[in-house]
>>> print(open('target_33.csv').read())   # CSV, C-alpha atoms
chain,number,residue,atom,x,y,z
A,1,MET,CA,125.7,45.9,79.3
A,2,LYS,CA,122.2,45.8,80.9
A,3,GLY,CA,119.1,43.9,80.0
A,4,ASP,CA,117.9,40.4,79.5
A,5,ILE,CA,119.6,37.4,77.9
A,6,ILE,CA,117.8,34.3,76.8
A,7,VAL,CA,119.9,31.1,76.5
A,8,ASN,CA,118.1,28.2,74.8
A,9,MET,CA,119.6,24.9,76.1
A,10,GLU,CA,116.4,22.9,75.4
A,11,ASN,CA,118.1,20.6,72.9
A,12,ILE,CA,121.5,20.2,74.6
A,13,ARG,CA,122.3,16.6,75.4
A,14,PHE,CA,125.4,15.3,77.1
A,15,ASN,CA,126.8,11.8,76.8
A,16,GLY,CA,128.6,9.7,79.4
A,17,ASP,CA,129.9,11.1,82.7
A,18,VAL,CA,129.7,14.9,83.1
A,19,LEU,CA,131.8,17.3,85.0
A,20,ASP,CA,130.1,20.6,85.7
A,21,ILE,CA,132.9,23.0,86.7
A,22,GLY,CA,132.3,26.6,87.7
A,23,TYR,CA,132.3,29.3,90.4
A,24,ASP,CA,128.6,29.0,91.1
A,25,ASN,CA,126.4,25.9,91.0
A,26,TRP,CA,123.4,27.2,89.1
A,27,GLY,CA,122.0,23.7,88.7
A,28,ILE,CA,121.7,24.2,84.9
A,29,ILE,CA,124.0,21.4,83.8
A,30,TYR,CA,122.6,19.0,86.4
A,31,ASN,CA,119.0,19.7,85.2
A,32,ILE,CA,120.0,19.0,81.6
A,33,CYS,CA,121.6,15.7,82.6
A,34,ARG,CA,118.6,14.7,84.7
A,35,THR,CA,116.4,14.7,81.7
A,36,SER,CA,118.6,12.2,79.9
A,37,LYS,CA,117.5,8.6,79.5
A,38,GLU,CA,121.1,7.5,79.7
A,39,THR,CA,122.6,6.7,83.1
A,40,MET,CA,125.3,9.2,83.8
A,41,ASP,CA,127.4,10.4,86.7
A,42,VAL,CA,127.2,14.2,87.1
A,43,LYS,CA,129.8,15.9,89.4
A,44,TYR,CA,130.0,19.5,90.2
A,45,ILE,CA,133.3,21.1,91.4
A,46,LYS,CA,133.8,24.7,92.2
A,47,GLU,CA,136.6,26.3,90.2
A,48,SER,CA,139.3,27.1,92.7
A,49,LYS,CA,142.9,26.2,93.4
A,50,SER,CA,141.6,23.2,95.3
A,51,ALA,CA,139.9,21.8,92.2
A,52,HIS,CA,143.3,20.2,91.2
A,53,ASN,CA,142.4,17.1,93.3
A,54,GLU,CA,139.7,15.9,91.0
A,55,GLY,CA,140.3,12.6,89.1
A,56,LYS,CA,142.1,12.9,85.8
A,57,ASP,CA,140.8,11.4,82.5
A,58,ASN,CA,137.5,10.4,84.1
A,59,TYR,CA,134.9,12.4,82.2
A,60,ASN,CA,133.3,12.2,78.8
A,61,THR,CA,132.0,15.7,79.0
A,62,CYS,CA,133.0,18.9,80.8
A,63,ALA,CA,130.5,21.9,80.9
A,64,SER,CA,131.3,25.4,82.1
A,65,PHE,CA,128.5,28.0,82.5
A,66,LEU,CA,129.5,31.6,83.3
A,67,THR,CA,133.0,30.6,84.4
A,68,PHE,CA,135.6,32.2,82.1
A,69,GLY,CA,134.2,35.7,82.6
A,70,ARG,CA,135.0,35.5,86.3
A,71,MET,CA,138.7,35.1,85.7
A,72,LEU,CA,141.0,38.1,85.6
A,73,SER,CA,143.7,37.1,83.2
A,74,LYS,CA,144.4,35.0,80.1
A,75,LYS,CA,147.0,33.1,82.2
A,76,GLU,CA,144.3,32.1,84.7
A,77,LYS,CA,142.0,31.0,81.8
A,78,SER,CA,144.8,29.0,80.2
A,79,LYS,CA,145.4,27.1,83.4
A,80,PHE,CA,141.7,26.4,83.7
A,81,ILE,CA,141.7,25.0,80.2
A,82,GLN,CA,144.7,22.8,81.1
A,83,ARG,CA,142.8,21.4,84.1
A,84,ILE,CA,139.7,20.7,81.9
A,85,TYR,CA,142.0,18.9,79.4
A,86,GLU,CA,143.3,16.7,82.1
A,87,TYR,CA,139.8,15.8,83.4
A,88,LEU,CA,138.5,14.7,80.0
A,89,ASP,CA,138.8,11.3,78.5
A,90,LYS,CA,140.5,11.0,75.1
A,91,ASP,CA,138.1,12.6,72.6
A,92,GLY,CA,136.0,14.1,75.4
A,93,PHE,CA,133.8,17.1,74.8
A,94,LEU,CA,133.8,20.6,76.3
A,95,TYR,CA,130.8,22.9,76.4
A,96,ILE,CA,131.2,26.6,77.3
A,97,TRP,CA,128.5,29.2,77.8
A,98,ASP,CA,129.7,32.7,78.9
A,99,ILE,CA,129.1,36.4,78.7
A,100,ASP,CA,130.8,38.6,76.1
A,101,LYS,CA,132.4,41.5,78.0
A,102,LYS,CA,134.6,44.2,76.8
A,103,ARG,CA,137.3,45.9,79.0
A,104,GLY,CA,135.8,49.0,80.5
A,105,GLU,CA,132.3,47.6,80.4
A,106,THR,CA,130.1,46.5,83.3
A,107,ILE,CA,127.5,43.7,83.2
A,108,ASP,CA,124.1,43.7,85.0
A,109,VAL,CA,121.9,41.2,83.2
A,110,SER,CA,119.0,38.9,83.9
A,111,ILE,CA,119.5,35.5,82.2
A,112,LYS,CA,116.7,33.1,81.4
A,113,VAL,CA,117.9,29.6,80.5
A,114,ILE,CA,115.4,27.4,78.6
A,115,LEU,CA,116.0,23.9,79.8
A,116,PRO,CA,114.6,20.6,78.4
A,117,TYR,CA,110.8,20.3,78.6
A,118,ARG,CA,110.5,24.2,78.4
A,119,LYS,CA,111.6,24.6,82.1
A,120,ILE,CA,113.0,28.1,82.7
A,121,LYS,CA,115.8,28.9,85.1
A,122,SER,CA,116.3,32.6,85.9
A,123,LEU,CA,119.4,34.1,87.3
A,124,GLN,CA,121.1,37.5,87.7
A,125,HIS,CA,124.7,38.1,86.6
A,126,LYS,CA,126.7,41.1,87.6
A,127,ASP,CA,130.3,42.1,86.9
A,128,PHE,CA,131.5,45.6,87.7
A,129,ASN,CA,135.2,45.0,87.2
A,130,LEU,CA,136.2,47.4,84.4
A,131,LEU,CA,139.6,45.7,83.9
A,132,LYS,CA,138.2,42.2,82.9
A,133,GLN,CA,137.3,41.2,79.4
A,134,ASN,CA,135.9,38.0,78.0
A,135,ASN,CA,135.0,37.1,74.5
A,136,LEU,CA,134.5,34.2,72.0
A,137,ASN,CA,137.7,34.9,70.1
A,138,GLU,CA,139.9,35.0,73.2
A,139,ILE,CA,138.6,31.7,74.5
A,140,LYS,CA,138.9,30.1,71.0
A,141,GLU,CA,142.5,31.2,70.9
A,142,LEU,CA,143.2,29.6,74.3
A,143,LEU,CA,141.4,26.4,73.4
A,144,ASN,CA,143.1,26.0,70.0
A,145,SER,CA,146.2,24.0,71.1
A,146,LYS,CA,144.2,21.4,73.1
A,147,PHE,CA,140.7,21.3,71.5
A,148,GLU,CA,139.1,21.3,68.1
A,149,ILE,CA,136.2,23.8,67.9
A,150,LEU,CA,133.2,21.9,66.6
A,151,TYR,CA,130.6,24.7,66.9
A,152,GLU,CA,130.4,28.3,68.1
A,153,LYS,CA,127.7,30.9,68.4
A,154,ASP,CA,127.9,34.5,69.6
A,155,SER,CA,124.6,36.4,70.0
A,156,ASN,CA,122.8,38.7,72.3
A,157,GLY,CA,125.8,39.2,74.6
A,158,MET,CA,126.4,35.5,75.2
A,159,PHE,CA,128.7,33.0,73.5
A,160,TYR,CA,128.6,29.2,73.2
A,161,ILE,CA,131.4,26.8,72.2
A,162,LYS,CA,131.4,23.1,71.7
A,163,ALA,CA,134.9,21.6,71.4
A,164,GLN,CA,136.5,18.2,71.4
A,165,LYS,CA,139.7,17.2,73.1
A,166,LYS,CA,142.6,16.7,70.6
A,167,GLY,CA,144.2,13.2,70.9
>>> encode(input="target_33.csv", output="structure tokens")
Amino acid sequence: MKGDIIVNMENIRFNGDVLDIGYDNWGIIYNICRTSKETMDVKYIKESKSAHNEGKDNYNTCASFLTFGRMLSKKEKSKFIQRIYEYLDKDGFLYIWDIDKKRGETIDVSIKVILPYRKIKSLQHKDFNLLKQNNLNEIKELLNSKFEILYEKDSNGMFYIKAQKKG
């Protein structure tokens, strides 16, 4: 897939303390939180094996932007979901934005993210690994045992999920 993707996050609002977890700190989640009138703690951790040291049950919200697509296997994605589950408070929310990628496909896209107050954040996303795949249905299947899917959207090569931790 080549081309441009526009992600409208202008009306996204998070509540409580937010954990931004990913491979790259794009600053997108932080910028959304910064526009909130509510006082909140925003913490970014890089997804890696060292991320296990983060406090458990401390966050109202966890957000992941372009993270699942970087993982090679379902097993790795499943472990990541387990860690997110442990980070979230009871009834906490999970927000996921990621690229839809089929096995055998390469990705070279420009992404424009529309943030609150019409600010635009531009970034490049490339993935030339032909063995990886990532899609909405796969992630929903992995989330199903620990999260209730509240909202999903799949369009223009990108998908979005809002889910709530099951008690």
>>> closest_residue(input="target_33.csv", among="A:Phe128, A:Tyr117, A:Tyr59, A:Trp97", to="A:Gly157", atoms="only C-alpha atoms")
A:Trp97
>>> closest_residue(input="target_33.csv", among="A:Arg34, A:Lys102, A:Lys132, A:His125", to="A:Met71", atoms="only C-alpha atoms")
A:Lys132
>>> closest_residue(input="target_33.csv", among="A:Trp26, A:Tyr151, A:Phe159, A:Phe93", to="A:Asn137", atoms="only C-alpha atoms")
A:Phe159
>>> residues_around(input="target_33.csv", residues="A:Leu72", least_positions_apart="3", cutoff="9 Å", atoms="only C-alpha atoms", output="list of chain:residue names")
A:Phe68, A:Gly69, A:Lys75, A:Glu76, A:Lys77, A:Leu131, A:Lys132, A:Gln133
>>> write_last_selection(input="target_33.csv", atoms="C-alpha atoms", output="CSV table (one decimal), in the frame of the given file")
chain,number,residue,atom,x,y,z
A,68,PHE,CA,135.6,32.2,82.1
A,69,GLY,CA,134.2,35.7,82.6
A,75,LYS,CA,147.0,33.1,82.2
A,76,GLU,CA,144.3,32.1,84.7
A,77,LYS,CA,142.0,31.0,81.8
A,131,LEU,CA,139.6,45.7,83.9
A,132,LYS,CA,138.2,42.2,82.9
A,133,GLN,CA,137.3,41.2,79.4
>>> atom_distance(input="target_33.csv", atom1="atom CA of A:Glu138", atom2="atom CA of A:Lys74")
8.2 Å
>>> atom_distance(input="target_33.csv", atom1="atom CA of A:Lys126", atom2="atom CA of A:Ile28")
17.8 Å
